[in-house]
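Trainee: Questions regarding the structure given below will be posed in turn.
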Amino acid sequence: MALETNRRTFLSFAALSALAVVTTGSLAGCGTQSTLKASAASAGVLPKYIPLSGATPDLPGNAAGVPAAFYNYPAKPFRAVSAPFLKGQKITAITNIFGPPPTPADNNPAWQEIQKRLGGTVDLTAVSSDDYDTKLNTVIAGSDMPDLMLNDGAAIPDIIGFLESSCQDLTPFLAGDKVKAYPNLANIPQAFWKPTVQNGKLYGIPIPRSMTGGSGFINQTFFAAAGVTDTGTIKSADDYLSLAKQLTGANRWALGSTKFGLVPFEHIFHVPYNWALKNGKLVKDIETPEYLEAISFVQKLYAAGCFAPGSEGWTKSQMQNAFISGQVAQIYDGLPAFGKPGGYQQTVPAANPANKVVPFVPFSAHGGKAMVWLDNIDFAWTMVKKGSTDHIKLVLQLANFLASPFGSEEYLLMNYGVEGADYAKDAKGNPVPTPQAALDTAVPWRYLTAGPNTLYSPQFPDAIKTLHEAYAKLIPLGVADPTQGLFSPTNAQQGLTIAKPVSDAVTNFIAGRGSLNDVKSAIANWKSAGGDKIRSEFQAALNGPTSSPSPSA
């Protein structure tokens, strides 16, 4: 069951921590996939994907969203924006920030160099992530909105109406070949622009992430000993049950934590990601036969003793520690947890050098194509306040600068600061941060606009290769939630509350303390307690009003 919240949380990467494996866009502790209604006609609205001839990766990315990978930072960074463009003007913006405030501009060499390259200033309001939703709605209610506004899934009442009345339709500026005027924006694959299409118009600039959070991890050493070297080749749920029994024994279990471990089985049984559209109507994941089949299978695994005893009460840390120590063979955690400093690619072999961890690639319970959720498409996307044609073009030039890709001088400056003050280069040209770098580079440029995700690690090339292979396998299997980014007042107020009895009933059923009928009863109660109202509100937002086309820019 995918819980509906404003943000989906993933473990963070730290760009400045020991040069570990970094997914360069995933620098926040939180990510959201604000997929507003991308209509069937969105193909004519989307910017054309025009890959930039910049740095050559060690492993290539693609238009579907598989990230490019680099083992080292390019020795000769290229300049992605040739000259300053603001000409002394100021652009205003509001976004969120996840850590301490940055060093102020007056004492921040990185900030000063960025403004020099811009040729003007950005009046940036950075709000704590905990307070951002409230602050954004306060700003929207006022009379002086900034030029750029991060939309991170905040509960904006009548989001469609707000976009159409107050935000710039970017279609005439960026659709198709028009994006050529902004080559760094054109370098963002269309998959990441789709969430910004609302009611047939382009209403935002994406902050790309990695498309999917994946399906968890396995101890490859244990699986190989049981005869499985590629989990994607498992032919059926029954075959997996036999495998799980083989993996269990001698103070080791196949699985740990029913609380955190359901997602891989929802993938295996093709449970929709939150909602599905069937004949134009929304159906909640818990209402599908696939969901009941998935939890019934997990109950069968539990009854067979394949879950570690007491693991239904584990915290996430307990689950992680059990996996690292080799007590369990498989867990669910987001892909960013693989390569971050202290991630599984380091901790599992550190606990036992014989053990190797890899991402779990799901199979299909009944044969055929497997499935994962596209639950990490964009961190968020940024709205642009309505303005004159010339001013909108200026704002888009700023976005183009902020989207400078990995391998560029601008990316190096925004993420690592100024050479000397903030970093020194190692023998291969990789930036090694100084003590002041963390605060100098804390200005949240990356939460306004960013280029495509990139995998990067000078220290762990094997981990880079493993992650790249995982994304290449998983992304083509992905399905999205058609309601992501749409606003339901009832869901914002009651969604988590009315979902909890269903989760509790599922937990009790799996542990043998309840029945499947109890789960069905809880789902029926969810519908009457507000689920049907949430559905109707999402359906109305999904259908949306129609309006006349924007004038050409």
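For the structure tokens, the naming scheme is as follows: chains receive sequential letters (A, B, ...) according to their order of presentation, residues are indexed from 1 within each chain, and ligands are indexed from 1 in presentation order.
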If you count only C-alpha atoms, which residues fall within 7 Å of stretch 204-219 of chain A, apart from same-chain ones fewer than 4 positions away, as a ChimeraX atom specification?
Mentor: /A:25-26,65,192-193,196,223,263-264,329-335,355-362,372-384,449-453,474-475
Trainee: Can I get the selection written as a compact mmCIF listing (two decimals), in the first residue's frame, with C-alpha atoms?
Mentor:
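So selection.txt came out as:
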```
# COMPACT_ATOMS: atom_id res chain seq x y z
CA GLY A 25 20.35 15.19 -8.31
CA SER A 26 19.41 13.30 -5.14
CA GLY A 65 15.74 8.58 -17.61
CA PHE A 192 11.01 14.51 -16.42
CA TRP A 193 8.94 17.24 -18.10
CA THR A 196 4.81 19.57 -15.30
CA PHE A 223 20.86 -15.84 -3.29
CA VAL A 263 6.65 -2.91 -1.60
CA PRO A 264 8.67 -5.55 -3.51
CA ALA A 329 18.74 -11.86 2.94
CA GLN A 330 16.41 -9.24 1.47
CA ILE A 331 14.97 -5.86 2.49
CA TYR A 332 13.14 -2.94 0.97
CA ASP A 333 14.90 0.42 0.93
CA GLY A 334 15.26 3.11 -1.73
CA LEU A 335 18.04 2.85 -4.30
CA ASN A 355 28.78 -10.84 1.30
CA LYS A 356 27.80 -8.67 -1.64
CA VAL A 357 24.63 -6.61 -1.99
CA VAL A 358 22.81 -5.70 -5.22
CA PRO A 359 19.46 -4.09 -6.01
CA PHE A 360 16.53 -6.48 -6.22
CA VAL A 361 15.09 -6.74 -9.71
CA PRO A 362 11.50 -7.99 -9.36
CA VAL A 372 8.12 -1.32 -10.45
CA TRP A 373 6.72 2.05 -9.42
CA LEU A 374 7.90 5.32 -10.94
CA ASP A 375 7.96 6.85 -7.49
CA ASN A 376 10.95 9.18 -7.86
CA ILE A 377 10.55 10.93 -11.22
CA ASP A 378 11.17 14.49 -10.07
CA PHE A 379 12.09 15.92 -6.71
CA ALA A 380 9.55 18.61 -7.52
CA TRP A 381 9.06 21.27 -10.17
CA THR A 382 9.16 25.04 -10.22
CA MET A 383 6.33 27.35 -11.25
CA VAL A 384 6.95 30.67 -12.99
CA THR A 449 16.05 23.78 -11.24
CA ALA A 450 18.60 21.08 -11.96
CA GLY A 451 19.99 19.09 -14.82
CA PRO A 452 19.55 15.34 -15.31
CA ASN A 453 20.61 12.96 -12.57
CA LEU A 474 14.10 -1.10 -13.61
CA ILE A 475 13.08 2.10 -15.39
```
Trainee: Among stretch 389-502 of chain A, which residues does DSSP mark as alpha helix (DSSP H) when it is run on the backbone? Keep the chain and numbering as in the structure and answer as an MDAnalysis selection string.
Mentor: chainID A and resid 389:402 409:416 437:440 461:474 489:502
Trainee: Report, in Å with one decimal, the straight-line distance from atom CA of A:Glu409 to atom CA of A:Ala80.
Mentor: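 According to the coordinates, atom CA of A:Glu409 and atom CA of A:Ala80 are separated by 7.1 Å.
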Trainee: Stretch 168-384 of chain A: which residues are strand (DSSP E or B) by DSSP, as a PyMOL selection string?
Mentor: chain A and resi 176+197-198+201-202+205-211+217-219+253-255+275-278+281-284+307+328-331+357-359+372-373+376-384
Trainee: Given the choices A:Leu448, A:Leu148, A:Leu277, A:Ile50, which gets closest to A:Lys178 if the distance is worked out from only C-alpha atoms?
Mentor: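 Checking each candidate against A:Lys178, we get A:Ile50 as the closest.
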Trainee: Neighbours of A:Lys520 within 9 Å (only C-alpha atoms; same-chain residues fewer than 4 positions away dropped), as a JSON list (two decimals) with all heavy atoms, in the first residue's frame?
Mentor:
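The resulting file, part-v8.json, is reproduced below:
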```json
[["chain", "number", "residue", "atom", "x", "y", "z"],
["A", 287, "GLU", "N", -7.96, -1.44, -3.43],
["A", 287, "GLU", "CA", -9.23, -1.96, -3.94],
["A", 287, "GLU", "C", -9.03, -3.03, -5.00],
["A", 287, "GLU", "O", -10.01, -3.63, -5.46],
["A", 287, "GLU", "CB", -10.06, -0.82, -4.54],
["A", 287, "GLU", "CG", -10.45, 0.26, -3.54],
["A", 287, "GLU", "CD", -11.18, 1.41, -4.21],
["A", 287, "GLU", "OE1", -10.58, 2.11, -5.04],
["A", 287, "GLU", "OE2", -12.37, 1.59, -3.89],
["A", 292, "LEU", "N", -4.82, -7.69, -2.72],
["A", 292, "LEU", "CA", -5.19, -8.79, -1.82],
["A", 292, "LEU", "C", -4.33, -10.02, -2.08],
["A", 292, "LEU", "O", -3.94, -10.75, -1.15],
["A", 292, "LEU", "CB", -6.66, -9.12, -1.99],
["A", 292, "LEU", "CG", -7.66, -8.01, -1.60],
["A", 292, "LEU", "CD1", -9.10, -8.48, -1.84],
["A", 292, "LEU", "CD2", -7.48, -7.60, -0.15],
["A", 502, "VAL", "N", -6.44, 0.29, 7.67],
["A", 502, "VAL", "CA", -6.16, -0.71, 6.64],
["A", 502, "VAL", "C", -4.77, -1.31, 6.88],
["A", 502, "VAL", "O", -4.60, -2.53, 6.85],
["A", 502, "VAL", "CB", -6.26, -0.10, 5.23],
["A", 502, "VAL", "CG1", -5.93, -1.15, 4.17],
["A", 502, "VAL", "CG2", -7.65, 0.48, 4.99],
["A", 505, "ALA", "N", -4.86, -3.64, 9.81],
["A", 505, "ALA", "CA", -5.52, -4.90, 9.48],
["A", 505, "ALA", "C", -4.60, -5.80, 8.65],
["A", 505, "ALA", "O", -4.57, -7.03, 8.85],
["A", 505, "ALA", "CB", -6.83, -4.64, 8.74],
["A", 515, "SER", "N", -7.84, -11.91, 9.82],
["A", 515, "SER", "CA", -8.20, -12.62, 8.60],
["A", 515, "SER", "C", -8.20, -11.68, 7.40],
["A", 515, "SER", "O", -8.19, -10.45, 7.54],
["A", 515, "SER", "CB", -9.60, -13.24, 8.75],
["A", 515, "SER", "OG", -10.59, -12.21, 8.79],
["A", 516, "LEU", "N", -8.26, -12.27, 6.21],
["A", 516, "LEU", "CA", -8.37, -11.48, 4.99],
["A", 516, "LEU", "C", -9.70, -10.73, 4.96],
["A", 516, "LEU", "O", -9.77, -9.61, 4.44],
["A", 516, "LEU", "CB", -8.24, -12.38, 3.76],
["A", 516, "LEU", "CG", -8.10, -11.67, 2.41],
["A", 516, "LEU", "CD1", -6.86, -10.79, 2.37],
["A", 516, "LEU", "CD2", -8.05, -12.69, 1.26],
["A", 524, "ALA", "N", -13.38, -1.43, 3.06],
["A", 524, "ALA", "CA", -14.73, -0.89, 2.90],
["A", 524, "ALA", "C", -14.93, 0.32, 3.81],
["A", 524, "ALA", "O", -15.55, 1.32, 3.41],
["A", 524, "ALA", "CB", -15.76, -1.98, 3.20],
["A", 525, "ASN", "N", -14.41, 0.24, 5.03],
["A", 525, "ASN", "CA", -14.52, 1.37, 5.95],
["A", 525, "ASN", "C", -13.70, 2.57, 5.45],
["A", 525, "ASN", "O", -14.11, 3.72, 5.63],
["A", 525, "ASN", "CB", -14.03, 0.96, 7.34],
["A", 525, "ASN", "CG", -14.98, -0.01, 8.03],
["A", 525, "ASN", "OD1", -16.16, -0.09, 7.68],
["A", 525, "ASN", "ND2", -14.47, -0.77, 8.99]]
```
Trainee: Give me the residues within 10 Å of A:Tyr291 as a list of chain:residue names, counting only C-alpha atoms and dropping any in the same chain fewer than 6 places off.
Mentor: A:Met1, A:Phe265, A:Glu266, A:His267, A:Phe269, A:His270, A:Val271, A:Pro272, A:Lys284, A:Asp285, A:Phe297
Trainee: List as number ranges by chain the protein and nucleic acid residues near A:Ala250, meaning an atom at most 12 Å away when only C-alpha atoms are counted, but skip any in the same chain fewer than 3 places from it.
Mentor: A: 245-247, 253-254, 308, 326-328
Trainee: With only C-alpha atoms as the atoms that count, which of A:Lys316, A:Lys180, A:Lys281, A:Arg252 lies nearest to A:Leu396?
Mentor: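 Closest to A:Leu396 of all the choices is A:Lys180.
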Trainee: One number please: atom CA of A:Leu163 to atom CA of A:Asn543, in Å, one decimal.
Mentor: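 We find that atom CA of A:Leu163 and atom CA of A:Asn543 lie 15.2 Å from each other.
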Trainee: Tell me, as a PDB file with all heavy atoms, in the first residue's frame, which residues lie within 9 Å of A:Ala304, counting only C-alpha atoms; anything in the same chain fewer than 3 positions away does not count.
Mentor:
```
ATOM      1  N   LEU A 241       8.663 -18.565  -3.210  1.00  0.00           N
ATOM      2  CA  LEU A 241       8.402 -19.145  -1.889  1.00  0.00           C
ATOM      3  C   LEU A 241       9.394 -20.261  -1.584  1.00  0.00           C
ATOM      4  O   LEU A 241       9.943 -20.339  -0.471  1.00  0.00           O
ATOM      5  CB  LEU A 241       6.969 -19.669  -1.820  1.00  0.00           C
ATOM      6  CG  LEU A 241       6.557 -20.363  -0.518  1.00  0.00           C
ATOM      7  CD1 LEU A 241       6.679 -19.425   0.675  1.00  0.00           C
ATOM      8  CD2 LEU A 241       5.119 -20.891  -0.627  1.00  0.00           C
ATOM      9  N   LYS A 245      12.316 -20.185   1.436  1.00  0.00           N
ATOM     10  CA  LYS A 245      12.508 -21.258   2.411  1.00  0.00           C
ATOM     11  C   LYS A 245      13.957 -21.731   2.427  1.00  0.00           C
ATOM     12  O   LYS A 245      14.513 -22.034   3.489  1.00  0.00           O
ATOM     13  CB  LYS A 245      11.566 -22.419   2.096  1.00  0.00           C
ATOM     14  CG  LYS A 245      10.090 -22.104   2.350  1.00  0.00           C
ATOM     15  CD  LYS A 245       9.201 -23.279   1.950  1.00  0.00           C
ATOM     16  CE  LYS A 245       7.728 -22.977   2.215  1.00  0.00           C
ATOM     17  NZ  LYS A 245       6.842 -24.083   1.783  1.00  0.00           N
ATOM     18  N   GLN A 299       1.606 -13.169   3.656  1.00  0.00           N
ATOM     19  CA  GLN A 299       1.153 -13.935   4.822  1.00  0.00           C
ATOM     20  C   GLN A 299       1.623 -15.380   4.738  1.00  0.00           C
ATOM     21  O   GLN A 299       2.031 -15.992   5.745  1.00  0.00           O
ATOM     22  CB  GLN A 299      -0.378 -13.884   4.916  1.00  0.00           C
ATOM     23  CG  GLN A 299      -0.947 -14.271   6.265  1.00  0.00           C
ATOM     24  CD  GLN A 299      -1.010 -15.783   6.482  1.00  0.00           C
ATOM     25  OE1 GLN A 299      -1.207 -16.530   5.528  1.00  0.00           O
ATOM     26  NE2 GLN A 299      -0.852 -16.213   7.732  1.00  0.00           N
ATOM     27  N   LYS A 300       1.642 -15.908   3.521  1.00  0.00           N
ATOM     28  CA  LYS A 300       2.119 -17.280   3.319  1.00  0.00           C
ATOM     29  C   LYS A 300       3.613 -17.379   3.654  1.00  0.00           C
ATOM     30  O   LYS A 300       4.068 -18.353   4.278  1.00  0.00           O
ATOM     31  CB  LYS A 300       1.863 -17.696   1.867  1.00  0.00           C
ATOM     32  CG  LYS A 300       2.145 -19.166   1.576  1.00  0.00           C
ATOM     33  CD  LYS A 300       1.910 -19.504   0.106  1.00  0.00           C
ATOM     34  CE  LYS A 300       0.442 -19.390  -0.264  1.00  0.00           C
ATOM     35  NZ  LYS A 300       0.209 -19.861  -1.661  1.00  0.00           N
ATOM     36  N   LEU A 301       4.374 -16.350   3.243  1.00  0.00           N
ATOM     37  CA  LEU A 301       5.797 -16.314   3.586  1.00  0.00           C
ATOM     38  C   LEU A 301       6.000 -16.238   5.098  1.00  0.00           C
ATOM     39  O   LEU A 301       6.877 -16.900   5.665  1.00  0.00           O
ATOM     40  CB  LEU A 301       6.465 -15.102   2.913  1.00  0.00           C
ATOM     41  CG  LEU A 301       6.689 -15.174   1.408  1.00  0.00           C
ATOM     42  CD1 LEU A 301       7.002 -13.783   0.857  1.00  0.00           C
ATOM     43  CD2 LEU A 301       7.825 -16.141   1.080  1.00  0.00           C
ATOM     44  N   PHE A 307      10.118 -14.777   7.598  1.00  0.00           N
ATOM     45  CA  PHE A 307      10.426 -13.481   8.202  1.00  0.00           C
ATOM     46  C   PHE A 307      11.108 -13.695   9.550  1.00  0.00           C
ATOM     47  O   PHE A 307      10.745 -14.599  10.304  1.00  0.00           O
ATOM     48  CB  PHE A 307       9.148 -12.661   8.415  1.00  0.00           C
ATOM     49  CG  PHE A 307       8.656 -11.964   7.182  1.00  0.00           C
ATOM     50  CD1 PHE A 307       7.769 -12.596   6.317  1.00  0.00           C
ATOM     51  CD2 PHE A 307       9.067 -10.670   6.875  1.00  0.00           C
ATOM     52  CE1 PHE A 307       7.303 -11.963   5.175  1.00  0.00           C
ATOM     53  CE2 PHE A 307       8.613 -10.023   5.742  1.00  0.00           C
ATOM     54  CZ  PHE A 307       7.730 -10.671   4.879  1.00  0.00           C
TER      55      PHE A 307
END
```
Trainee: Residues near stretch 84-91 of chain A, anyone? I mean within 8 Å using only C-alpha atoms, not counting same-chain ones fewer than 6 positions away, as a VMD selection string.
Mentor: chain A and resid 116 to 123 146 to 147 394 to 395 397
Trainee: Please report the interatomic distance between atom CA of A:Gly429 and atom CA of A:Pro74 in Å with one decimal.
Mentor: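 Calculated distance between atom CA of A:Gly429 and atom CA of A:Pro74 is 6.9 Å.
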